[in-house]
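Read the structure below first, then the notes.
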Amino acid sequence: MFWSSVGFSLIDALWSFLSVCFIVAFAVHNISTHLPRQHETSRLHVFFQDLIRYGKTKQNLKRHDVLLMFDIPKRWFWHFYAISVGWNGFLLVLCLNCIIQHQSYPVWLTGILDMLTDVQDTDSQVPQLSALLVLLLLWVHSLRRLLECLFLSVFSDGAIHLVQYVFGLGYYVMLGLTVLCSDRLGRGTGPLLSQLDWLHVAGGTLFILASLLQHESMVLLARLRTGKSGTVETLAHRVPKGGWFELVSCPHYFAELLIYISLSVIFGGLSLTWWLVVLYVLFNQALAAQLCHDLYNSKYESYPRHRKAFIPFVL
């Protein structure tokens, strides 16, 4: 295949393409903020902003009625995590079955992995411990986020674009396949338990700490709209305070990046494929955080100027 001839698999090319798309979107958005105000009414600008914004950052965007037809309720975010829990849980079961029962993956799954990696399967192949742990932690992460969406977060009438919704549904499907692709492209180092090393422990520890940071941030956001009894009192947007919100506008996005980095550490830091996923997450979350940060600064005159958008003291 063409991709293998240049040292890239199809899965690497896919994540590289997505990374470039969001790098360009991040750059274009930041450049557009310095253009004359009349530029904001152009159809191309509105269409671009409609595609990259969601929730509260989309509410002040003046859009034509045609664009409103593509709005999907933001509260449907839980669909993404439900898909991930189901699909990646299924892949996890197949992975465990491969280890315990010594059975190969289904033919259709093997065919997909062959296409994405251009590496042929072998009957003796057993999933590496790193891939098993990453798939397990990805499932745990998705389950936590699903529960937070259903029982913790308080969603307003914000919207996401239909394109974002469809992309989100496919994202977690591709993410699980990427884990198996990283395993296929890796090299086994003996029996499963003998592969355990300090990087698995370090990555697992970072995963737990990042997950706690993200959950704490989600709790603080939910409290902006609920009373002491937990009942919803308002759907208005308020300035978040406490925790890492004192350092950045979106610590939950920063935590998301740390979670993906932790999974790369579990892979031993040697999976190019997963680092491309991390690069995508970096610019995807950076763009979302910058949009929120710009909104806070424009809406609240007293908003703390020392806060960064995404990464403490950096961005």
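Identifiers in the structure tokens: chain A, B, ... in order shown; residue index from 1 per chain; ligand index from 1 in order shown.
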Might you pull out every residue within 7 Å of region 280-290 of chain A, with only C-alpha atoms counted and same-chain residues fewer than 5 positions away left off, and present them as a CSV table (one decimal) with all heavy atoms, in the first residue's frame?
```csv
chain,number,residue,atom,x,y,z
A,15,TRP,N,-5.1,9.8,11.6
A,15,TRP,CA,-4.9,10.6,12.8
A,15,TRP,C,-4.1,11.9,12.4
A,15,TRP,O,-4.3,12.9,13.0
A,15,TRP,CB,-4.3,9.9,13.9
A,15,TRP,CG,-5.3,8.9,14.5
A,15,TRP,CD1,-5.3,7.5,14.5
A,15,TRP,CD2,-6.5,9.3,15.3
A,15,TRP,NE1,-6.4,7.0,15.2
A,15,TRP,CE2,-7.1,8.0,15.7
A,15,TRP,CE3,-7.1,10.5,15.6
A,15,TRP,CZ2,-8.3,8.0,16.4
A,15,TRP,CZ3,-8.2,10.4,16.4
A,15,TRP,CH2,-8.9,9.2,16.7
A,18,LEU,N,-6.5,14.3,10.8
A,18,LEU,CA,-7.3,15.0,11.8
A,18,LEU,C,-6.6,16.0,12.6
A,18,LEU,O,-7.1,17.1,12.9
A,18,LEU,CB,-8.0,13.9,12.7
A,18,LEU,CG,-9.0,13.0,12.1
A,18,LEU,CD1,-9.5,12.0,13.1
A,18,LEU,CD2,-10.2,13.8,11.5
A,19,SER,N,-5.3,15.7,12.9
A,19,SER,CA,-4.5,16.6,13.7
A,19,SER,C,-4.2,17.9,12.9
A,19,SER,O,-4.4,19.0,13.4
A,19,SER,CB,-3.1,15.9,14.0
A,19,SER,OG,-3.3,14.8,14.8
A,22,PHE,N,-7.3,20.2,12.8
A,22,PHE,CA,-7.5,21.0,13.9
A,22,PHE,C,-6.4,22.0,14.2
A,22,PHE,O,-6.6,23.1,14.8
A,22,PHE,CB,-7.8,20.1,15.2
A,22,PHE,CG,-9.2,19.6,15.2
A,22,PHE,CD1,-9.5,18.4,14.6
A,22,PHE,CD2,-10.1,20.3,15.9
A,22,PHE,CE1,-10.8,18.0,14.7
A,22,PHE,CE2,-11.5,19.9,16.0
A,22,PHE,CZ,-11.8,18.7,15.3
A,23,ILE,N,-5.2,21.7,13.8
A,23,ILE,CA,-4.1,22.7,13.8
A,23,ILE,C,-4.5,23.9,13.0
A,23,ILE,O,-4.3,25.1,13.4
A,23,ILE,CB,-2.8,22.1,13.4
A,23,ILE,CG1,-2.3,21.1,14.4
A,23,ILE,CG2,-1.7,23.2,13.2
A,23,ILE,CD1,-1.1,20.3,13.9
A,26,PHE,N,-7.4,25.8,14.5
A,26,PHE,CA,-7.0,26.6,15.7
A,26,PHE,C,-6.3,27.9,15.2
A,26,PHE,O,-6.5,29.0,15.7
A,26,PHE,CB,-6.0,25.7,16.5
A,26,PHE,CG,-5.5,26.4,17.8
A,26,PHE,CD1,-6.3,26.6,18.9
A,26,PHE,CD2,-4.2,26.9,17.8
A,26,PHE,CE1,-5.9,27.3,20.0
A,26,PHE,CE2,-3.7,27.5,19.0
A,26,PHE,CZ,-4.5,27.7,20.1
A,250,CYS,N,-10.4,26.0,31.3
A,250,CYS,CA,-11.0,24.7,31.0
A,250,CYS,C,-10.1,23.6,31.5
A,250,CYS,O,-9.4,22.9,30.7
A,250,CYS,CB,-11.2,24.5,29.5
A,250,CYS,SG,-12.3,25.8,28.8
A,253,TYR,N,-10.6,20.1,30.0
A,253,TYR,CA,-10.0,19.8,28.7
A,253,TYR,C,-8.5,19.4,28.9
A,253,TYR,O,-8.0,18.6,28.2
A,253,TYR,CB,-10.1,21.0,27.8
A,253,TYR,CG,-11.5,21.3,27.4
A,253,TYR,CD1,-11.8,22.6,26.9
A,253,TYR,CD2,-12.5,20.4,27.4
A,253,TYR,CE1,-13.1,22.9,26.5
A,253,TYR,CE2,-13.8,20.7,27.1
A,253,TYR,CZ,-14.1,22.0,26.6
A,253,TYR,OH,-15.4,22.3,26.3
A,257,LEU,N,-6.4,15.8,27.9
A,257,LEU,CA,-5.1,15.7,27.3
A,257,LEU,C,-4.2,14.8,28.1
A,257,LEU,O,-3.6,13.9,27.6
A,257,LEU,CB,-4.5,17.0,27.1
A,257,LEU,CG,-3.1,17.0,26.5
A,257,LEU,CD1,-3.0,16.4,25.1
A,257,LEU,CD2,-2.5,18.4,26.5
A,309,ALA,N,-6.0,29.6,28.9
A,309,ALA,CA,-7.2,28.9,28.4
A,309,ALA,C,-7.2,27.4,28.7
A,309,ALA,O,-8.2,26.8,29.1
A,309,ALA,CB,-7.3,29.1,26.9
A,310,PHE,N,-6.1,26.8,28.6
A,310,PHE,CA,-6.0,25.3,28.5
A,310,PHE,C,-4.9,24.7,29.4
A,310,PHE,O,-5.2,23.9,30.3
A,310,PHE,CB,-5.8,25.0,27.1
A,310,PHE,CG,-5.7,23.5,26.7
A,310,PHE,CD1,-6.5,22.6,27.3
A,310,PHE,CD2,-4.8,23.2,25.7
A,310,PHE,CE1,-6.3,21.2,27.0
A,310,PHE,CE2,-4.7,21.8,25.3
A,310,PHE,CZ,-5.5,20.9,26.0
```
Given only C-alpha atoms, how would the per-residue table for region 133-192 of chain A near region 36-55 of chain A read, listing every residue at most 6 Å away with its closest atom pair and distance in Å to one decimal, sorted by chain and number, as CSV?
```
residue,atom,partner,partner_atom,distance
A:Gly158,CA,A:Gly55,CA,4.2
A:Ala159,CA,A:Gly55,CA,5.1
A:Ile160,CA,A:Tyr54,CA,4.7
```
For all heavy atoms, I'd like the residues from the last selection saved as a short mmCIF file (atom, residue, chain, number, x, y, z; two decimals), in the first residue's frame.
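The new file selection.cif reads:
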```cif
data_model
loop_
_atom_site.label_atom_id
_atom_site.label_comp_id
_atom_site.auth_asym_id
_atom_site.auth_seq_id
_atom_site.Cartn_x
_atom_site.Cartn_y
_atom_site.Cartn_z
N GLY A 158 -27.91 24.46 24.84
CA GLY A 158 -26.83 24.58 23.87
C GLY A 158 -26.92 23.51 22.80
O GLY A 158 -27.57 22.48 22.96
N ALA A 159 -26.23 23.78 21.69
CA ALA A 159 -26.31 22.87 20.54
C ALA A 159 -24.92 22.52 20.03
O ALA A 159 -23.93 23.21 20.30
CB ALA A 159 -27.12 23.52 19.41
N ILE A 160 -24.86 21.41 19.31
CA ILE A 160 -23.67 21.03 18.57
C ILE A 160 -24.10 20.81 17.11
O ILE A 160 -25.27 20.58 16.83
CB ILE A 160 -23.02 19.74 19.12
CG1 ILE A 160 -24.00 18.57 19.05
CG2 ILE A 160 -22.51 19.95 20.52
CD1 ILE A 160 -23.40 17.25 19.51
#
```
Selection: 12 Å around Val201 (chain A), only C-alpha atoms, excl. self and same-chain fewer than 2 positions, as a ChimeraX atom specification: /A:130,133,195-199,203-208,262-263,265-268
Once you count only C-alpha atoms, what closest atom pair and distance in Å to one decimal does each residue of region 41-142 of chain A within 9 Å of region 153-156 of chain A have, with rows by chain and rising residue number, as JSON lines?
```
{"residue": "A:Gly55", "atom": "CA", "partner": "A:Ser156", "partner_atom": "CA", "distance": 8.1}
{"residue": "A:Lys56", "atom": "CA", "partner": "A:Ser156", "partner_atom": "CA", "distance": 8.6}
{"residue": "A:Pro73", "atom": "CA", "partner": "A:Ser156", "partner_atom": "CA", "distance": 9.0}
{"residue": "A:Lys74", "atom": "CA", "partner": "A:Phe155", "partner_atom": "CA", "distance": 7.2}
{"residue": "A:Arg75", "atom": "CA", "partner": "A:Phe155", "partner_atom": "CA", "distance": 5.7}
```
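Minimum distance to Pro191 (chain A) across A:Leu295, A:Gly170, A:Gln128, A:Cys98 (counting only C-alpha atoms) occurs at A:Gln128.
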Show which residues sit within 10 Å of Ala82 (chain A), as number ranges by chain. Count only C-alpha atoms, and ignore same-chain residues fewer than 3 positions away. A: 77-79, 85-88, 142-143, 145-147, 169, 172
Calculate how many Å separate CA of Phe17 (chain A) from CA of Gly176 (chain A), rounding to one decimal.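 So the answer is 18.1 Å.
Residues of region 16-165 of chain A carrying a DSSP assignment of strand (DSSP E or B), computed from the backbone, are Asp71, Ile72, Pro73, Ala159, Ile160 and His161 of chain A.
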Keeping only N, CA and C atoms, write the selected residues as a PDB file, in the first residue's frame.
```pdb
ATOM      1  N   ASP A  71     -28.527  21.864  13.920  1.00  0.00           N
ATOM      2  CA  ASP A  71     -28.262  21.847  15.360  1.00  0.00           C
ATOM      3  C   ASP A  71     -28.750  20.556  16.002  1.00  0.00           C
ATOM      4  N   ILE A  72     -27.926  20.012  16.864  1.00  0.00           N
ATOM      5  CA  ILE A  72     -28.256  18.841  17.675  1.00  0.00           C
ATOM      6  C   ILE A  72     -28.087  19.243  19.132  1.00  0.00           C
ATOM      7  N   PRO A  73     -28.999  18.851  20.032  1.00  0.00           N
ATOM      8  CA  PRO A  73     -28.856  19.232  21.449  1.00  0.00           C
ATOM      9  C   PRO A  73     -27.513  18.777  22.034  1.00  0.00           C
ATOM     10  N   ALA A 159     -26.234  23.781  21.688  1.00  0.00           N
ATOM     11  CA  ALA A 159     -26.310  22.872  20.535  1.00  0.00           C
ATOM     12  C   ALA A 159     -24.923  22.521  20.032  1.00  0.00           C
ATOM     13  N   ILE A 160     -24.861  21.405  19.310  1.00  0.00           N
ATOM     14  CA  ILE A 160     -23.673  21.027  18.565  1.00  0.00           C
ATOM     15  C   ILE A 160     -24.096  20.815  17.110  1.00  0.00           C
ATOM     16  N   HIS A 161     -23.146  20.916  16.215  1.00  0.00           N
ATOM     17  CA  HIS A 161     -23.452  20.748  14.799  1.00  0.00           C
ATOM     18  C   HIS A 161     -23.639  19.271  14.482  1.00  0.00           C
TER      19      HIS A 161
END
```
Just list the residues in region 82-224 of chain A DSSP gives helix (DSSP H, G or I) on the backbone, as a count of residues only. 106
Find the residues around region 212-224 of chain A up to 8 Å (only C-alpha atoms counted), leave out those fewer than 2 positions away in its own chain, and share them as an mmCIF file with all heavy atoms, in the first residue's frame.
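Saved the output as out.cif:
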```cif
data_model
loop_
_atom_site.group_PDB
_atom_site.id
_atom_site.type_symbol
_atom_site.label_atom_id
_atom_site.label_comp_id
_atom_site.auth_asym_id
_atom_site.auth_seq_id
_atom_site.Cartn_x
_atom_site.Cartn_y
_atom_site.Cartn_z
ATOM 1 N N GLU A 148 -21.253 10.781 34.308
ATOM 2 C CA GLU A 148 -21.236 12.217 34.596
ATOM 3 C C GLU A 148 -22.250 12.953 33.728
ATOM 4 O O GLU A 148 -22.936 13.862 34.208
ATOM 5 C CB GLU A 148 -19.825 12.775 34.367
ATOM 6 C CG GLU A 148 -18.827 12.379 35.432
ATOM 7 C CD GLU A 148 -17.405 12.793 35.089
ATOM 8 O OE1 GLU A 148 -17.140 13.156 33.915
ATOM 9 O OE2 GLU A 148 -16.546 12.748 35.976
ATOM 10 N N LEU A 152 -24.630 13.967 36.550
ATOM 11 C CA LEU A 152 -23.928 15.084 37.178
ATOM 12 C C LEU A 152 -24.070 16.384 36.399
ATOM 13 O O LEU A 152 -24.518 17.395 36.947
ATOM 14 C CB LEU A 152 -22.440 14.747 37.343
ATOM 15 C CG LEU A 152 -21.540 15.864 37.895
ATOM 16 C CD1 LEU A 152 -21.974 16.250 39.312
ATOM 17 C CD2 LEU A 152 -20.073 15.432 37.887
ATOM 18 N N SER A 153 -23.712 16.367 35.143
ATOM 19 C CA SER A 153 -23.709 17.588 34.337
ATOM 20 C C SER A 153 -25.123 18.145 34.169
ATOM 21 O O SER A 153 -26.091 17.387 34.068
ATOM 22 C CB SER A 153 -23.091 17.321 32.966
ATOM 23 O OG SER A 153 -21.739 16.915 33.087
ATOM 24 N N VAL A 154 -25.197 19.473 34.149
ATOM 25 C CA VAL A 154 -26.468 20.164 33.930
ATOM 26 C C VAL A 154 -26.361 20.887 32.589
ATOM 27 O O VAL A 154 -25.670 21.900 32.469
ATOM 28 C CB VAL A 154 -26.769 21.171 35.052
ATOM 29 C CG1 VAL A 154 -28.110 21.857 34.784
ATOM 30 C CG2 VAL A 154 -26.766 20.481 36.408
ATOM 31 N N ILE A 208 -5.196 8.005 36.679
ATOM 32 C CA ILE A 208 -6.059 8.190 37.853
ATOM 33 C C ILE A 208 -6.082 9.659 38.281
ATOM 34 O O ILE A 208 -7.146 10.228 38.544
ATOM 35 C CB ILE A 208 -5.580 7.296 39.010
ATOM 36 C CG1 ILE A 208 -5.797 5.821 38.663
ATOM 37 C CG2 ILE A 208 -6.317 7.649 40.305
ATOM 38 C CD1 ILE A 208 -5.202 4.851 39.667
ATOM 39 N N LEU A 209 -4.906 10.284 38.346
ATOM 40 C CA LEU A 209 -4.826 11.684 38.769
ATOM 41 C C LEU A 209 -5.551 12.601 37.779
ATOM 42 O O LEU A 209 -6.275 13.518 38.188
ATOM 43 C CB LEU A 209 -3.363 12.099 38.903
ATOM 44 C CG LEU A 209 -2.563 11.406 40.012
ATOM 45 C CD1 LEU A 209 -1.101 11.836 39.973
ATOM 46 C CD2 LEU A 209 -3.163 11.706 41.387
ATOM 47 N N ALA A 210 -5.377 12.353 36.498
ATOM 48 C CA ALA A 210 -6.044 13.167 35.477
ATOM 49 C C ALA A 210 -7.554 12.963 35.518
ATOM 50 O O ALA A 210 -8.323 13.913 35.346
ATOM 51 C CB ALA A 210 -5.498 12.825 34.093
ATOM 52 N N THR A 226 -26.545 24.368 40.310
ATOM 53 C CA THR A 226 -27.352 23.659 41.299
ATOM 54 C C THR A 226 -27.203 24.286 42.676
ATOM 55 O O THR A 226 -26.199 24.943 42.981
ATOM 56 C CB THR A 226 -26.945 22.175 41.378
ATOM 57 O OG1 THR A 226 -25.540 22.091 41.732
ATOM 58 C CG2 THR A 226 -27.164 21.480 40.048
ATOM 59 N N GLY A 227 -28.209 24.063 43.518
ATOM 60 C CA GLY A 227 -28.166 24.536 44.887
ATOM 61 C C GLY A 227 -27.509 23.512 45.792
ATOM 62 O O GLY A 227 -27.019 22.474 45.353
ATOM 63 N N GLY A 230 -28.720 20.038 45.487
ATOM 64 C CA GLY A 230 -28.446 19.344 44.243
ATOM 65 C C GLY A 230 -29.466 19.615 43.157
ATOM 66 O O GLY A 230 -29.303 19.147 42.025
ATOM 67 N N HIS A 237 -24.965 30.791 32.398
ATOM 68 C CA HIS A 237 -23.526 30.540 32.438
ATOM 69 C C HIS A 237 -22.888 31.491 33.456
ATOM 70 O O HIS A 237 -23.160 32.689 33.458
ATOM 71 C CB HIS A 237 -22.904 30.759 31.063
ATOM 72 C CG HIS A 237 -23.433 29.822 30.018
ATOM 73 N ND1 HIS A 237 -23.172 28.474 30.035
ATOM 74 C CD2 HIS A 237 -24.221 30.049 28.937
ATOM 75 C CE1 HIS A 237 -23.768 27.898 29.011
ATOM 76 N NE2 HIS A 237 -24.416 28.833 28.319
ATOM 77 N N ARG A 238 -22.057 30.940 34.313
ATOM 78 C CA ARG A 238 -21.374 31.722 35.330
ATOM 79 C C ARG A 238 -19.872 31.466 35.260
ATOM 80 O O ARG A 238 -19.425 30.513 34.635
ATOM 81 C CB ARG A 238 -21.903 31.344 36.718
ATOM 82 C CG ARG A 238 -23.383 31.675 36.939
ATOM 83 C CD ARG A 238 -23.869 31.110 38.263
ATOM 84 N NE ARG A 238 -25.253 31.494 38.544
ATOM 85 C CZ ARG A 238 -25.947 31.033 39.586
ATOM 86 N NH1 ARG A 238 -25.398 30.172 40.427
ATOM 87 N NH2 ARG A 238 -27.199 31.431 39.768
ATOM 88 N N PRO A 240 -16.644 29.999 36.380
ATOM 89 C CA PRO A 240 -16.235 28.888 37.239
ATOM 90 C C PRO A 240 -15.107 29.298 38.179
ATOM 91 O O PRO A 240 -14.222 30.068 37.797
ATOM 92 C CB PRO A 240 -15.776 27.819 36.241
ATOM 93 C CG PRO A 240 -15.407 28.583 35.012
ATOM 94 C CD PRO A 240 -16.301 29.776 34.966
ATOM 95 N N LYS A 241 -15.152 28.781 39.392
ATOM 96 C CA LYS A 241 -14.140 29.108 40.397
ATOM 97 C C LYS A 241 -13.747 27.850 41.148
ATOM 98 O O LYS A 241 -14.465 26.871 41.170
ATOM 99 C CB LYS A 241 -14.680 30.155 41.375
ATOM 100 C CG LYS A 241 -15.064 31.487 40.754
ATOM 101 C CD LYS A 241 -15.640 32.432 41.795
ATOM 102 C CE LYS A 241 -16.032 33.758 41.177
ATOM 103 N NZ LYS A 241 -16.631 34.697 42.179
ATOM 104 N N GLY A 242 -12.589 27.925 41.791
ATOM 105 C CA GLY A 242 -12.111 26.819 42.598
ATOM 106 C C GLY A 242 -11.299 25.811 41.806
ATOM 107 O O GLY A 242 -11.382 25.737 40.581
ATOM 108 N N GLY A 243 -10.519 25.017 42.532
ATOM 109 C CA GLY A 243 -9.717 23.992 41.895
ATOM 110 C C GLY A 243 -8.781 24.558 40.845
ATOM 111 O O GLY A 243 -8.237 25.646 40.984
ATOM 112 N N TRP A 244 -8.612 23.832 39.758
ATOM 113 C CA TRP A 244 -7.713 24.266 38.699
ATOM 114 C C TRP A 244 -8.339 25.343 37.822
ATOM 115 O O TRP A 244 -7.669 25.860 36.924
ATOM 116 C CB TRP A 244 -7.294 23.067 37.856
ATOM 117 C CG TRP A 244 -6.223 22.239 38.500
ATOM 118 C CD1 TRP A 244 -6.243 21.738 39.778
ATOM 119 C CD2 TRP A 244 -4.982 21.819 37.937
ATOM 120 N NE1 TRP A 244 -5.096 21.029 40.041
ATOM 121 C CE2 TRP A 244 -4.308 21.058 38.922
ATOM 122 C CE3 TRP A 244 -4.388 21.985 36.689
ATOM 123 C CZ2 TRP A 244 -3.053 20.486 38.699
ATOM 124 C CZ3 TRP A 244 -3.147 21.413 36.466
ATOM 125 C CH2 TRP A 244 -2.490 20.677 37.461
ATOM 126 N N PHE A 245 -9.603 25.678 38.091
ATOM 127 C CA PHE A 245 -10.217 26.800 37.377
ATOM 128 C C PHE A 245 -9.537 28.111 37.741
ATOM 129 O O PHE A 245 -9.705 29.109 37.040
ATOM 130 C CB PHE A 245 -11.709 26.893 37.700
ATOM 131 C CG PHE A 245 -12.557 25.930 36.912
ATOM 132 C CD1 PHE A 245 -13.115 24.825 37.520
ATOM 133 C CD2 PHE A 245 -12.784 26.129 35.556
ATOM 134 C CE1 PHE A 245 -13.893 23.930 36.806
ATOM 135 C CE2 PHE A 245 -13.568 25.248 34.823
ATOM 136 C CZ PHE A 245 -14.120 24.134 35.452
ATOM 137 N N PRO A 251 -9.964 23.378 32.825
ATOM 138 C CA PRO A 251 -9.099 22.305 33.345
ATOM 139 C C PRO A 251 -9.577 20.916 32.945
ATOM 140 O O PRO A 251 -8.777 19.984 32.886
ATOM 141 C CB PRO A 251 -9.172 22.510 34.861
ATOM 142 C CG PRO A 251 -10.461 23.228 35.093
ATOM 143 C CD PRO A 251 -10.619 24.123 33.907
ATOM 144 N N HIS A 252 -10.880 20.772 32.653
ATOM 145 C CA HIS A 252 -11.383 19.466 32.228
ATOM 146 C C HIS A 252 -10.842 19.085 30.855
ATOM 147 O O HIS A 252 -10.664 17.900 30.562
ATOM 148 C CB HIS A 252 -12.918 19.437 32.229
ATOM 149 C CG HIS A 252 -13.585 20.605 31.589
ATOM 150 N ND1 HIS A 252 -13.267 21.912 31.886
ATOM 151 C CD2 HIS A 252 -14.580 20.679 30.655
ATOM 152 C CE1 HIS A 252 -14.019 22.730 31.174
ATOM 153 N NE2 HIS A 252 -14.813 22.006 30.413
ATOM 154 N N TYR A 253 -10.578 20.086 30.016
ATOM 155 C CA TYR A 253 -9.956 19.806 28.720
ATOM 156 C C TYR A 253 -8.481 19.445 28.894
ATOM 157 O O TYR A 253 -7.954 18.565 28.203
ATOM 158 C CB TYR A 253 -10.081 21.009 27.783
ATOM 159 C CG TYR A 253 -11.500 21.345 27.378
ATOM 160 C CD1 TYR A 253 -11.838 22.619 26.919
ATOM 161 C CD2 TYR A 253 -12.511 20.398 27.447
ATOM 162 C CE1 TYR A 253 -13.137 22.924 26.536
ATOM 163 C CE2 TYR A 253 -13.813 20.699 27.080
ATOM 164 C CZ TYR A 253 -14.113 21.962 26.626
ATOM 165 O OH TYR A 253 -15.403 22.266 26.252
ATOM 166 N N ALA A 255 -7.265 18.028 31.527
ATOM 167 C CA ALA A 255 -7.283 16.676 32.087
ATOM 168 C C ALA A 255 -7.481 15.638 30.989
ATOM 169 O O ALA A 255 -6.894 14.552 31.035
ATOM 170 C CB ALA A 255 -8.387 16.564 33.136
ATOM 171 N N GLU A 256 -8.309 15.964 29.995
ATOM 172 C CA GLU A 256 -8.534 15.053 28.878
ATOM 173 C C GLU A 256 -7.226 14.783 28.141
ATOM 174 O O GLU A 256 -6.910 13.631 27.784
ATOM 175 C CB GLU A 256 -9.564 15.639 27.913
ATOM 176 C CG GLU A 256 -9.971 14.727 26.781
ATOM 177 C CD GLU A 256 -11.033 13.700 27.168
ATOM 178 O OE1 GLU A 256 -11.489 13.731 28.335
ATOM 179 O OE2 GLU A 256 -11.391 12.872 26.305
#
```
Mind giving me the straight-line distance from CA of Asp114 (chain A) to CA of Phe90 (chain A) in Å, one decimal?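 Between CA of Asp114 (chain A) and CA of Phe90 (chain A) the gap works out to 19.0 Å.
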List the neighbours of Val314 (chain A) out to 12 Å using only C-alpha atoms; skip same-chain residues closer than 3 positions along the sequence, and give me the result as a list in words. Leu247, Val248, Phe254, Ala286, His306, Arg307, Lys308, Ala309, Phe310 and Ile311 of chain A
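Between CA of Ile99 (chain A) and CA of Leu192 (chain A) lies a distance of 8.6 Å.
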